[in-house]
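Engineer: Contents of protein_5.pdb (PDB, C-alpha atoms) are given next:
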ATOM      1  CA  MET A  17      84.796 100.075 124.804
ATOM      2  CA  GLN A  18      86.320  97.034 123.148
ATOM      3  CA  HIS A  19      89.864  98.183 122.351
ATOM      4  CA  VAL A  20      90.508 101.045 124.785
ATOM      5  CA  ASP A  21      91.115 101.043 128.514
ATOM      6  CA  VAL A  22      90.712 104.258 130.514
ATOM      7  CA  LYS A  23      92.123 104.700 133.988
ATOM      8  CA  ILE A  24      92.212 107.790 136.173
ATOM      9  CA  HIS A  25      95.041 108.329 138.621
ATOM     10  CA  GLN A  26      94.517 111.427 140.749
ATOM     11  CA  ASN A  27      94.014 114.212 138.171
ATOM     12  CA  VAL A  28      95.471 112.416 135.128
ATOM     13  CA  ALA A  29      93.528 110.069 132.829
ATOM     14  CA  THR A  30      95.360 107.408 130.851
ATOM     15  CA  ILE A  31      93.780 106.311 127.568
ATOM     16  CA  LEU A  32      95.353 103.002 126.571
ATOM     17  CA  MET A  33      94.980 101.560 123.074
ATOM     18  CA  ASP A  34      94.592  97.844 123.719
ATOM     19  CA  ARG A  35      95.175  95.856 120.524
ATOM     20  CA  PRO A  36      98.710  94.618 121.254
ATOM     21  CA  ASP A  37      98.442  91.597 118.940
ATOM     22  CA  SER A  38      97.970  93.965 115.981
ATOM     23  CA  ARG A  39     100.471  96.529 117.300
ATOM     24  CA  ASN A  40      97.512  98.766 118.213
ATOM     25  CA  SER A  41      96.753  99.366 114.542
ATOM     26  CA  LEU A  42      93.697 101.519 113.997
ATOM     27  CA  ASN A  43      90.557  99.732 112.863
ATOM     28  CA  PRO A  44      87.120 101.426 112.881
ATOM     29  CA  THR A  45      86.280 100.065 116.336
ATOM     30  CA  LEU A  46      89.490 101.338 117.930
ATOM     31  CA  ILE A  47      89.036 104.776 116.387
ATOM     32  CA  GLU A  48      85.457 104.988 117.660
ATOM     33  CA  ASP A  49      86.588 103.765 121.080
ATOM     34  CA  LEU A  50      89.244 106.477 121.209
ATOM     35  CA  MET A  51      86.696 109.148 120.306
ATOM     36  CA  THR A  52      84.380 107.860 123.019
ATOM     37  CA  ALA A  53      87.231 107.799 125.551
ATOM     38  CA  PHE A  54      88.242 111.385 124.829
ATOM     39  CA  SER A  55      84.607 112.473 125.033
ATOM     40  CA  ASP A  56      84.144 110.718 128.378
ATOM     41  CA  VAL A  57      87.370 112.140 129.822
ATOM     42  CA  HIS A  58      86.342 115.590 128.644
ATOM     43  CA  GLN A  59      83.364 115.351 131.002
ATOM     44  CA  GLU A  60      85.478 114.323 134.009
ATOM     45  CA  LYS A  61      85.918 117.583 135.904
ATOM     46  CA  GLY A  62      88.620 116.123 138.138
ATOM     47  CA  VAL A  63      90.812 115.237 135.148
ATOM     48  CA  THR A  64      93.184 118.032 134.134
ATOM     49  CA  ALA A  65      95.342 116.188 131.574
ATOM     50  CA  VAL A  66      95.423 112.986 129.519
ATOM     51  CA  VAL A  67      98.161 110.483 128.711
ATOM     52  CA  LEU A  68      97.650 108.512 125.483
ATOM     53  CA  SER A  69      99.560 105.232 125.295
ATOM     54  CA  GLY A  70      99.534 101.790 123.691
ATOM     55  CA  ALA A  71      99.539  98.303 125.166
ATOM     56  CA  GLY A  72     102.323  95.878 124.316
ATOM     57  CA  ASN A  73     105.486  96.713 122.405
ATOM     58  CA  ASP A  74     104.161  99.510 120.177
ATOM     59  CA  PHE A  75     102.356 102.794 120.495
ATOM     60  CA  CYS A  76     100.430 102.425 117.215
ATOM     61  CA  ALA A  77     101.545 100.901 113.909
ATOM     62  CA  GLY A  78      99.074 102.932 111.829
ATOM     63  CA  LEU A  79      95.853 102.020 110.058
ATOM     64  CA  ASP A  80      94.891  98.358 110.101
ATOM     65  CA  LEU A  81      95.945  97.205 106.636
ATOM     66  CA  GLY A  82      93.864  94.062 107.020
ATOM     67  CA  VAL A  83      90.776  96.259 107.061
ATOM     68  CA  MET A  84      92.183  98.242 104.146
ATOM     69  CA  GLN A  85      92.697  95.039 102.164
ATOM     70  CA  GLU A  86      89.040  94.136 102.725
ATOM     71  CA  ILE A  87      88.002  97.489 101.265
ATOM     72  CA  ALA A  88      90.482  97.157  98.379
ATOM     73  CA  SER A  89      88.901  93.828  97.421
ATOM     74  CA  MET A  90      85.459  95.402  96.991
ATOM     75  CA  PRO A  91      84.091  96.496  93.589
ATOM     76  CA  PRO A  92      85.260 100.070  92.849
ATOM     77  CA  GLY A  93      81.797 101.525  93.260
ATOM     78  CA  ASP A  94      81.481 100.040  96.740
ATOM     79  CA  ALA A  95      85.076 100.714  97.784
ATOM     80  CA  ALA A  96      85.151 104.465  97.068
ATOM     81  CA  PRO A  97      82.663 105.497  99.792
ATOM     82  CA  GLU A  98      84.303 103.073 102.239
ATOM     83  CA  TRP A  99      87.699 104.713 101.659
ATOM     84  CA  PHE A 100      86.171 108.139 102.223
ATOM     85  CA  ASN A 101      84.473 106.979 105.425
ATOM     86  CA  ALA A 102      87.723 105.460 106.742
ATOM     87  CA  TRP A 103      89.750 108.606 106.154
ATOM     88  CA  ASN A 104      86.976 110.853 107.433
ATOM     89  CA  GLN A 105      86.757 108.814 110.641
ATOM     90  CA  LEU A 106      90.502 109.201 111.266
ATOM     91  CA  THR A 107      90.310 112.925 110.544
ATOM     92  CA  ARG A 108      87.466 113.367 113.035
ATOM     93  CA  LEU A 109      89.571 111.697 115.747
ATOM     94  CA  ILE A 110      92.594 113.903 115.006
ATOM     95  CA  GLU A 111      90.445 117.035 115.010
ATOM     96  CA  GLN A 112      88.857 115.958 118.301
ATOM     97  CA  MET A 113      92.321 115.640 119.852
ATOM     98  CA  LEU A 114      93.442 119.017 118.500
ATOM     99  CA  ARG A 115      90.334 120.708 119.905
ATOM    100  CA  PHE A 116      90.484 118.788 123.195
ATOM    101  CA  PRO A 117      90.601 121.444 125.959
ATOM    102  CA  LYS A 118      92.985 119.561 128.268
ATOM    103  CA  PRO A 119      96.674 118.815 127.627
ATOM    104  CA  VAL A 120      97.291 115.489 125.882
ATOM    105  CA  ILE A 121     100.656 113.787 126.306
ATOM    106  CA  ALA A 122     101.547 110.906 123.993
ATOM    107  CA  ALA A 123     103.606 108.242 125.777
ATOM    108  CA  VAL A 124     105.343 106.529 122.852
ATOM    109  CA  ASP A 125     107.056 103.204 123.453
ATOM    110  CA  GLY A 126     107.941 101.270 120.304
ATOM    111  CA  SER A 127     106.628 102.285 116.887
ATOM    112  CA  ALA A 128     104.430 105.249 116.026
ATOM    113  CA  LEU A 129     103.928 104.807 112.292
ATOM    114  CA  GLY A 130     101.612 106.377 109.742
ATOM    115  CA  ALA A 131      98.297 107.156 111.402
ATOM    116  CA  GLY A 132      99.953 106.189 114.687
ATOM    117  CA  LEU A 133     102.397 109.049 114.183
ATOM    118  CA  SER A 134      99.381 111.271 113.481
ATOM    119  CA  LEU A 135      97.976 110.393 116.898
ATOM    120  CA  ALA A 136     101.270 111.294 118.558
ATOM    121  CA  LEU A 137     101.490 114.574 116.625
ATOM    122  CA  ALA A 138      97.893 115.459 117.529
ATOM    123  CA  ALA A 139      98.971 115.318 121.178
ATOM    124  CA  ASP A 140     100.467 118.443 122.716
ATOM    125  CA  ILE A 141     103.642 116.806 124.031
ATOM    126  CA  ILE A 142     105.410 113.584 123.014
ATOM    127  CA  VAL A 143     107.356 111.493 125.531
ATOM    128  CA  ALA A 144     109.376 108.722 123.883
ATOM    129  CA  SER A 145     111.189 105.640 125.084
ATOM    130  CA  GLU A 146     114.681 104.782 123.881
ATOM    131  CA  SER A 147     113.117 102.119 121.650
ATOM    132  CA  ALA A 148     110.579 104.464 120.057
ATOM    133  CA  ALA A 149     110.482 104.939 116.293
ATOM    134  CA  PHE A 150     108.546 107.497 114.267
ATOM    135  CA  GLY A 151     107.645 107.117 110.601
ATOM    136  CA  SER A 152     105.406 108.530 107.890
ATOM    137  CA  VAL A 153     105.457 105.282 105.914
ATOM    138  CA  ALA A 154     102.404 105.539 103.632
ATOM    139  CA  VAL A 155     104.371 106.296 100.450
ATOM    140  CA  ARG A 156     106.164 102.941 100.686
ATOM    141  CA  ARG A 157     102.777 101.230 100.493
ATOM    142  CA  GLY A 158     101.517 103.187  97.513
ATOM    143  CA  LEU A 159      99.430 105.424  99.763
ATOM    144  CA  VAL A 160      99.419 109.073 100.821
ATOM    145  CA  GLY A 161      99.765 109.880 104.510
ATOM    146  CA  ALA A 162      98.041 113.223 104.118
ATOM    147  CA  THR A 163      97.058 113.540 107.766
ATOM    148  CA  THR A 164     100.561 112.750 109.002
ATOM    149  CA  THR A 165     102.193 115.068 106.461
ATOM    150  CA  ALA A 166      99.924 117.972 107.407
ATOM    151  CA  LEU A 167     100.617 117.487 111.120
ATOM    152  CA  LEU A 168     104.380 117.182 110.573
ATOM    153  CA  ALA A 169     104.415 120.403 108.567
ATOM    154  CA  PHE A 170     102.300 122.179 111.178
ATOM    155  CA  ARG A 171     104.380 121.058 114.148
ATOM    156  CA  PHE A 172     107.896 121.064 112.671
ATOM    157  CA  GLY A 173     107.896 122.644 109.208
ATOM    158  CA  SER A 174     107.641 121.517 105.595
ATOM    159  CA  ALA A 175     111.294 120.432 105.312
ATOM    160  CA  LEU A 176     110.919 117.696 107.920
ATOM    161  CA  ALA A 177     107.494 116.780 106.552
ATOM    162  CA  ALA A 178     109.029 116.317 103.084
ATOM    163  CA  ARG A 179     111.962 114.296 104.397
ATOM    164  CA  MET A 180     109.797 111.876 106.356
ATOM    165  CA  SER A 181     106.801 111.650 104.015
ATOM    166  CA  LEU A 182     108.667 111.314 100.713
ATOM    167  CA  THR A 183     111.186 108.739 101.928
ATOM    168  CA  GLY A 184     108.878 106.832 104.246
ATOM    169  CA  GLN A 185     111.950 106.112 106.345
ATOM    170  CA  PRO A 186     111.348 105.940 110.112
ATOM    171  CA  ILE A 187     113.614 107.735 112.553
ATOM    172  CA  ASP A 188     114.660 106.525 115.988
ATOM    173  CA  ALA A 189     114.039 108.271 119.298
ATOM    174  CA  ALA A 190     117.484 109.896 119.407
ATOM    175  CA  GLU A 191     116.955 111.516 115.995
ATOM    176  CA  ALA A 192     113.417 112.521 116.934
ATOM    177  CA  CYS A 193     114.820 114.223 120.019
ATOM    178  CA  ARG A 194     117.441 116.056 117.946
ATOM    179  CA  LEU A 195     114.706 117.300 115.614
ATOM    180  CA  GLY A 196     112.555 118.503 118.521
ATOM    181  CA  ILE A 197     109.774 115.961 118.081
ATOM    182  CA  CYS A 198     110.220 114.659 121.606
ATOM    183  CA  ASP A 199     112.273 115.373 124.717
ATOM    184  CA  LYS A 200     115.241 113.223 125.741
ATOM    185  CA  PRO A 201     114.199 109.547 125.434
ATOM    186  CA  VAL A 202     113.710 107.562 128.623
ATOM    187  CA  GLU A 203     113.695 103.870 129.483
ATOM    188  CA  SER A 204     110.518 102.022 128.489
ATOM    189  CA  SER A 205     109.604 101.524 132.130
ATOM    190  CA  GLN A 206     109.660 105.294 132.644
ATOM    191  CA  VAL A 207     107.588 106.432 129.644
ATOM    192  CA  TRP A 208     104.227 106.559 131.432
ATOM    193  CA  VAL A 209     105.783 108.024 134.605
ATOM    194  CA  THR A 210     107.490 110.764 132.587
ATOM    195  CA  ALA A 211     104.302 111.484 130.646
ATOM    196  CA  VAL A 212     102.361 111.840 133.900
ATOM    197  CA  ASP A 213     105.067 114.208 135.155
ATOM    198  CA  TRP A 214     104.520 116.395 132.072
ATOM    199  CA  ALA A 215     100.763 116.198 132.641
ATOM    200  CA  ASN A 216     101.212 117.382 136.220
ATOM    201  CA  ARG A 217     103.400 120.277 135.090
ATOM    202  CA  CYS A 218     100.640 121.414 132.759
ATOM    203  CA  SER A 219      98.086 120.990 135.544
ATOM    204  CA  GLN A 220      99.792 123.632 137.666
ATOM    205  CA  ALA A 221      98.208 126.305 135.467
ATOM    206  CA  PRO A 222      94.506 127.228 135.735
ATOM    207  CA  ARG A 223      92.135 125.387 133.410
ATOM    208  CA  GLU A 224      90.970 128.545 131.670
ATOM    209  CA  ALA A 225      94.532 129.522 130.736
ATOM    210  CA  ILE A 226      95.356 126.019 129.501
ATOM    211  CA  GLN A 227      92.188 125.809 127.422
ATOM    212  CA  ALA A 228      92.744 129.240 125.874
ATOM    213  CA  THR A 229      96.391 128.449 125.130
ATOM    214  CA  LYS A 230      95.450 125.200 123.390
ATOM    215  CA  LYS A 231      92.891 127.089 121.311
ATOM    216  CA  VAL A 232      95.566 129.566 120.242
ATOM    217  CA  LEU A 233      97.980 126.770 119.354
ATOM    218  CA  ASN A 234      95.702 124.337 117.566
ATOM    219  CA  GLU A 235      92.763 126.409 116.303
ATOM    220  CA  ASP A 236      93.927 130.007 115.842
ATOM    221  CA  ILE A 237      97.499 129.393 114.690
ATOM    222  CA  GLY A 238      96.416 126.024 113.321
ATOM    223  CA  GLU A 239      93.329 127.305 111.521
ATOM    224  CA  SER A 240      94.664 126.246 108.122
ATOM    225  CA  LEU A 241      95.648 122.841 109.535
ATOM    226  CA  LEU A 242      92.011 121.886 110.129
ATOM    227  CA  THR A 243      91.260 122.712 106.485
ATOM    228  CA  GLN A 244      94.305 120.763 105.316
ATOM    229  CA  LEU A 245      93.262 117.711 107.315
ATOM    230  CA  ASN A 246      89.874 117.572 105.627
ATOM    231  CA  ALA A 247      91.381 118.139 102.183
ATOM    232  CA  GLY A 248      93.999 115.502 102.950
ATOM    233  CA  ALA A 249      91.301 112.985 103.847
ATOM    234  CA  ALA A 250      89.809 113.370 100.384
ATOM    235  CA  THR A 251      93.238 112.980  98.775
ATOM    236  CA  GLY A 252      94.095 109.953 100.887
ATOM    237  CA  ALA A 253      90.803 108.276 100.036
ATOM    238  CA  SER A 254      91.262 108.967  96.337
ATOM    239  CA  VAL A 255      94.775 107.497  96.217
ATOM    240  CA  CYS A 256      93.519 104.360  97.971
ATOM    241  CA  THR A 257      91.543 103.527  94.814
ATOM    242  CA  THR A 258      94.702 103.258  92.649
ATOM    243  CA  ASP A 259      96.407 100.064  91.484
ATOM    244  CA  ALA A 260      99.579 101.086  93.332
ATOM    245  CA  ALA A 261      97.700 101.300  96.610
ATOM    246  CA  ALA A 262      96.075  97.920  96.029
ATOM    247  CA  GLU A 263      99.487  96.347  95.389
ATOM    248  CA  GLY A 264     101.086  98.060  98.392
ATOM    249  CA  ILE A 265      98.367  96.932 100.763
ATOM    250  CA  LYS A 266      98.324  93.384  99.369
ATOM    251  CA  ALA A 267     102.115  93.078  99.541
ATOM    252  CA  PHE A 268     102.185  94.220 103.146
ATOM    253  CA  CYS A 269      99.502  91.739 104.172
ATOM    254  CA  GLU A 270     101.328  88.953 102.289
ATOM    255  CA  LYS A 271     104.628  89.975 103.915
ATOM    256  CA  ARG A 272     106.461  90.482 100.617
ATOM    257  CA  PRO A 273     108.071  93.434  98.801
ATOM    258  CA  PRO A 274     105.600  95.298  96.570
ATOM    259  CA  ASP A 275     105.939  95.043  92.800
ATOM    260  CA  TRP A 276     105.591  98.509  91.318
ATOM    261  CA  SER A 277     106.579  97.440  87.772
ATOM    262  CA  SER A 278     102.996  97.268  86.519
TER     263      SER A 278
END
Please express the file's structure as structure tokens.

Structural biologist:
Amino acid sequence: MQHVDVKIHQNVATILMDRPDSRNSLNPTLIEDLMTAFSDVHQEKGVTAVVLSGAGNDFCAGLDLGVMQEIASMPPGDAAPEWFNAWNQLTRLIEQMLRFPKPVIAAVDGSALGAGLSLALAADIIVASESAAFGSVAVRRGLVGATTTALLAFRFGSALAARMSLTGQPIDAAEACRLGICDKPVESSQVWVTAVDWANRCSQAPREAIQATKKVLNEDIGESLLTQLNAGAATGASVCTTDAAAEGIKAFCEKRPPDWSS
């Protein structure tokens, strides 16, 4: 795996996104590496829980907009299937995490934005550092964060999903704690340790009970969520073909404010 590092410590596996220079933004290779890592850890009988984390100063800054700019520069007929493939790939990863039979704890230090927030929300428990920030920022780039919005609504209700997805304004760790997204923030040096502690708490229950409980939470109660994620992928891909999306992506890559006047 090119962009993911997996380590096993006693009964807990750590899956580390390792693209620190790009703030662990999700390109196709990283997404495939994450799917492979979760599949491999699934087969490890000695592993009872997983910690998902990011290298460097951020958890995950979202989809790699450099890759998105490459797609946006293609002729429309070529770009449309590429957008669908990109969103479908992300949706498959999120669904894999939701169906994963072992507890997943997201250890969030720094930013979890857009699709990065989706990864955190697909985990069962979020541990955040005092410097963590959470944002559903797609709308500010002319995009639709359908996956993030669906997960926010599922985990915390439509009011919070509307607030975060319509404004695109990130919230800090203290506010996330107040809203119930994460527990009390800890120092950056303690994020992984605290996440492992949560993993060990979950591991005190028998595997069968944990697996059945996760199925109730994410598949039975969340049955409509899986449908919404697939519908959202189609919506997200469609919006990516608009002029607003092209301008938002280009402006971000050029490090300038977008011009929505046209």

Engineer: As a check of understanding, name the residues that the PyMOL selection byres ((chain A and resi 98-108) around 8) selects in the supplied structure, as a list in words.

Structural biologist: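 Taken over the shown coordinates, the PyMOL selection byres ((chain A and resi 98-108) around 8) returns Pro44, Ile47, Ile87, Asp94, Ala95, Ala96, Pro97, Leu109, Ile110, Glu111, Gln112, Thr163, Leu245, Asn246, Ala249, Ala250, Gly252, Ala253, Ser254, Cys256 and Thr257 of chain A.
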
Engineer: To test the calculation: enclose all listed atoms of segment 113-125 of chain A in a box whose edges run along x, y and z, add 5 Å on each side, then state centre and edge lengths in Å to one decimal, as AutoDock Vina command-line options.

Structural biologist:
--center_x 98.7 --center_y 112.3 --center_z 123.4 --size_x 26.7 --size_y 28.2 --size_z 19.8

Engineer: Just the residues within 10 Å of segment 206-214 of chain A, please, counting only C-alpha atoms, with nothing from its chain fewer than 3 positions along; format it as a PDB file with C-alpha atoms, in the frame of the given file.

Structural biologist:
ATOM      1  CA  HIS A  25      95.041 108.329 138.621  1.00  0.00           C
ATOM      2  CA  ASN A  27      94.014 114.212 138.171  1.00  0.00           C
ATOM      3  CA  VAL A  28      95.471 112.416 135.128  1.00  0.00           C
ATOM      4  CA  ALA A  29      93.528 110.069 132.829  1.00  0.00           C
ATOM      5  CA  THR A  30      95.360 107.408 130.851  1.00  0.00           C
ATOM      6  CA  ALA A  65      95.342 116.188 131.574  1.00  0.00           C
ATOM      7  CA  VAL A  66      95.423 112.986 129.519  1.00  0.00           C
ATOM      8  CA  VAL A  67      98.161 110.483 128.711  1.00  0.00           C
ATOM      9  CA  LEU A  68      97.650 108.512 125.483  1.00  0.00           C
ATOM     10  CA  SER A  69      99.560 105.232 125.295  1.00  0.00           C
ATOM     11  CA  PRO A 119      96.674 118.815 127.627  1.00  0.00           C
ATOM     12  CA  VAL A 120      97.291 115.489 125.882  1.00  0.00           C
ATOM     13  CA  ILE A 121     100.656 113.787 126.306  1.00  0.00           C
ATOM     14  CA  ALA A 122     101.547 110.906 123.993  1.00  0.00           C
ATOM     15  CA  ALA A 123     103.606 108.242 125.777  1.00  0.00           C
ATOM     16  CA  VAL A 124     105.343 106.529 122.852  1.00  0.00           C
ATOM     17  CA  ASP A 125     107.056 103.204 123.453  1.00  0.00           C
ATOM     18  CA  ILE A 141     103.642 116.806 124.031  1.00  0.00           C
ATOM     19  CA  ILE A 142     105.410 113.584 123.014  1.00  0.00           C
ATOM     20  CA  VAL A 143     107.356 111.493 125.531  1.00  0.00           C
ATOM     21  CA  ALA A 144     109.376 108.722 123.883  1.00  0.00           C
ATOM     22  CA  SER A 145     111.189 105.640 125.084  1.00  0.00           C
ATOM     23  CA  GLU A 146     114.681 104.782 123.881  1.00  0.00           C
ATOM     24  CA  PRO A 201     114.199 109.547 125.434  1.00  0.00           C
ATOM     25  CA  VAL A 202     113.710 107.562 128.623  1.00  0.00           C
ATOM     26  CA  GLU A 203     113.695 103.870 129.483  1.00  0.00           C
ATOM     27  CA  ARG A 217     103.400 120.277 135.090  1.00  0.00           C
ATOM     28  CA  CYS A 218     100.640 121.414 132.759  1.00  0.00           C
ATOM     29  CA  SER A 219      98.086 120.990 135.544  1.00  0.00           C
TER      30      SER A 219
END

Engineer: Could you check the closest approach to Gly72 of chain A for each of A:Thr251, A:Gln18, A:Ser204, A:Thr183 and tell me which residue wins, using all atoms listed in the file?

Structural biologist: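 Distance minimum relative to Gly72 of chain A lands on A:Ser204.
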
Engineer: Which one of A:Leu176, A:Leu168, A:Ala77, A:Ala228 sits closest to Gly132 of chain A if you count only C-alpha atoms?

Structural biologist: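 Checking each of A:Leu176, A:Leu168, A:Ala77, A:Ala228 against Gly132 of chain A, counting only C-alpha atoms, the winner is A:Ala77.
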
Engineer: Record the distance separating atom CA of Ser89 of chain A and atom CA of Ala262 of chain A, expressed in Å with one decimal.

Structural biologist: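 Rounded to one decimal, the two atoms are 8.4 Å apart.
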
Engineer: To test your reading of the syntax: which residues would the PyMOL selection byres ((chain A and resi 60) around 12) return for the file shown? Reply as a count of residues only.

Structural biologist: 22

Engineer: May I ask which of the residues A:Ala88, A:Leu241, A:Ala178, A:Ala189 is the closest one to Ala260 of chain A, counting all atoms listed in the file?

Structural biologist: A:Ala88

Engineer: Run the PyMOL selection byres ((chain A and resi 157) around 12) on the file and write out the hits as a compact mmCIF listing (two decimals) with C-alpha atoms, in the frame of the given file.

Structural biologist:
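What follows is the written file result16.txt:
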# COMPACT_ATOMS: atom_id res chain seq x y z
CA LEU A 79 95.85 102.02 110.06
CA LEU A 81 95.94 97.20 106.64
CA MET A 84 92.18 98.24 104.15
CA GLN A 85 92.70 95.04 102.16
CA GLY A 130 101.61 106.38 109.74
CA SER A 152 105.41 108.53 107.89
CA VAL A 153 105.46 105.28 105.91
CA ALA A 154 102.40 105.54 103.63
CA VAL A 155 104.37 106.30 100.45
CA ARG A 156 106.16 102.94 100.69
CA GLY A 158 101.52 103.19 97.51
CA LEU A 159 99.43 105.42 99.76
CA VAL A 160 99.42 109.07 100.82
CA GLY A 161 99.76 109.88 104.51
CA SER A 181 106.80 111.65 104.02
CA LEU A 182 108.67 111.31 100.71
CA THR A 183 111.19 108.74 101.93
CA GLY A 184 108.88 106.83 104.25
CA GLN A 185 111.95 106.11 106.34
CA VAL A 255 94.78 107.50 96.22
CA CYS A 256 93.52 104.36 97.97
CA THR A 258 94.70 103.26 92.65
CA ASP A 259 96.41 100.06 91.48
CA ALA A 260 99.58 101.09 93.33
CA ALA A 261 97.70 101.30 96.61
CA ALA A 262 96.08 97.92 96.03
CA GLU A 263 99.49 96.35 95.39
CA GLY A 264 101.09 98.06 98.39
CA ILE A 265 98.37 96.93 100.76
CA LYS A 266 98.32 93.38 99.37
CA ALA A 267 102.12 93.08 99.54
CA PHE A 268 102.18 94.22 103.15
CA CYS A 269 99.50 91.74 104.17
CA LYS A 271 104.63 89.98 103.92
CA ARG A 272 106.46 90.48 100.62
CA PRO A 273 108.07 93.43 98.80
CA PRO A 274 105.60 95.30 96.57
CA ASP A 275 105.94 95.04 92.80
CA TRP A 276 105.59 98.51 91.32

Engineer: With distances taken over all atoms listed in the file, which residue among A:Thr164, A:Asp199, A:Cys193, A:Arg223 lies nearest Gly248 of chain A?

Structural biologist: A:Thr164

Engineer: In Å, how far is it from atom CA of Gly196 of chain A to atom CA of Leu50 of chain A?

Structural biologist: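 Value for the atom CA of Gly196 of chain A-atom CA of Leu50 of chain A distance: 26.4 Å.
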
Engineer: Step by step: locate segment 123-149 of chain A in the block above, keep C-alpha atoms, then write the file as a CSV table (one decimal), in the first residue's frame.

Structural biologist:
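Generated file (part.csv):
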chain,number,residue,atom,x,y,z
A,123,ALA,CA,-8.3,9.7,16.1
A,124,VAL,CA,-8.7,13.2,14.7
A,125,ASP,CA,-5.8,15.6,15.1
A,126,GLY,CA,-6.1,18.8,13.0
A,127,SER,CA,-8.7,19.1,10.2
A,128,ALA,CA,-11.3,16.6,9.2
A,129,LEU,CA,-13.0,18.4,6.2
A,130,GLY,CA,-15.4,17.3,3.6
A,131,ALA,CA,-14.8,13.7,2.7
A,132,GLY,CA,-12.3,13.6,5.6
A,133,LEU,CA,-15.3,14.4,7.9
A,134,SER,CA,-17.1,11.6,6.2
A,135,LEU,CA,-14.4,9.2,7.2
A,136,ALA,CA,-14.6,10.3,10.8
A,137,LEU,CA,-18.4,10.0,10.8
A,138,ALA,CA,-18.2,6.5,9.3
A,139,ALA,CA,-16.2,5.5,12.4
A,140,ASP,CA,-18.1,4.4,15.5
A,141,ILE,CA,-16.4,6.8,17.9
A,142,ILE,CA,-14.5,10.1,17.3
A,143,VAL,CA,-11.6,11.1,19.5
A,144,ALA,CA,-10.4,14.7,18.9
A,145,SER,CA,-7.4,16.7,19.8
A,146,GLU,CA,-7.8,20.3,21.1
A,147,SER,CA,-6.6,21.5,17.6
A,148,ALA,CA,-9.2,19.4,15.7
A,149,ALA,CA,-11.6,21.1,13.3
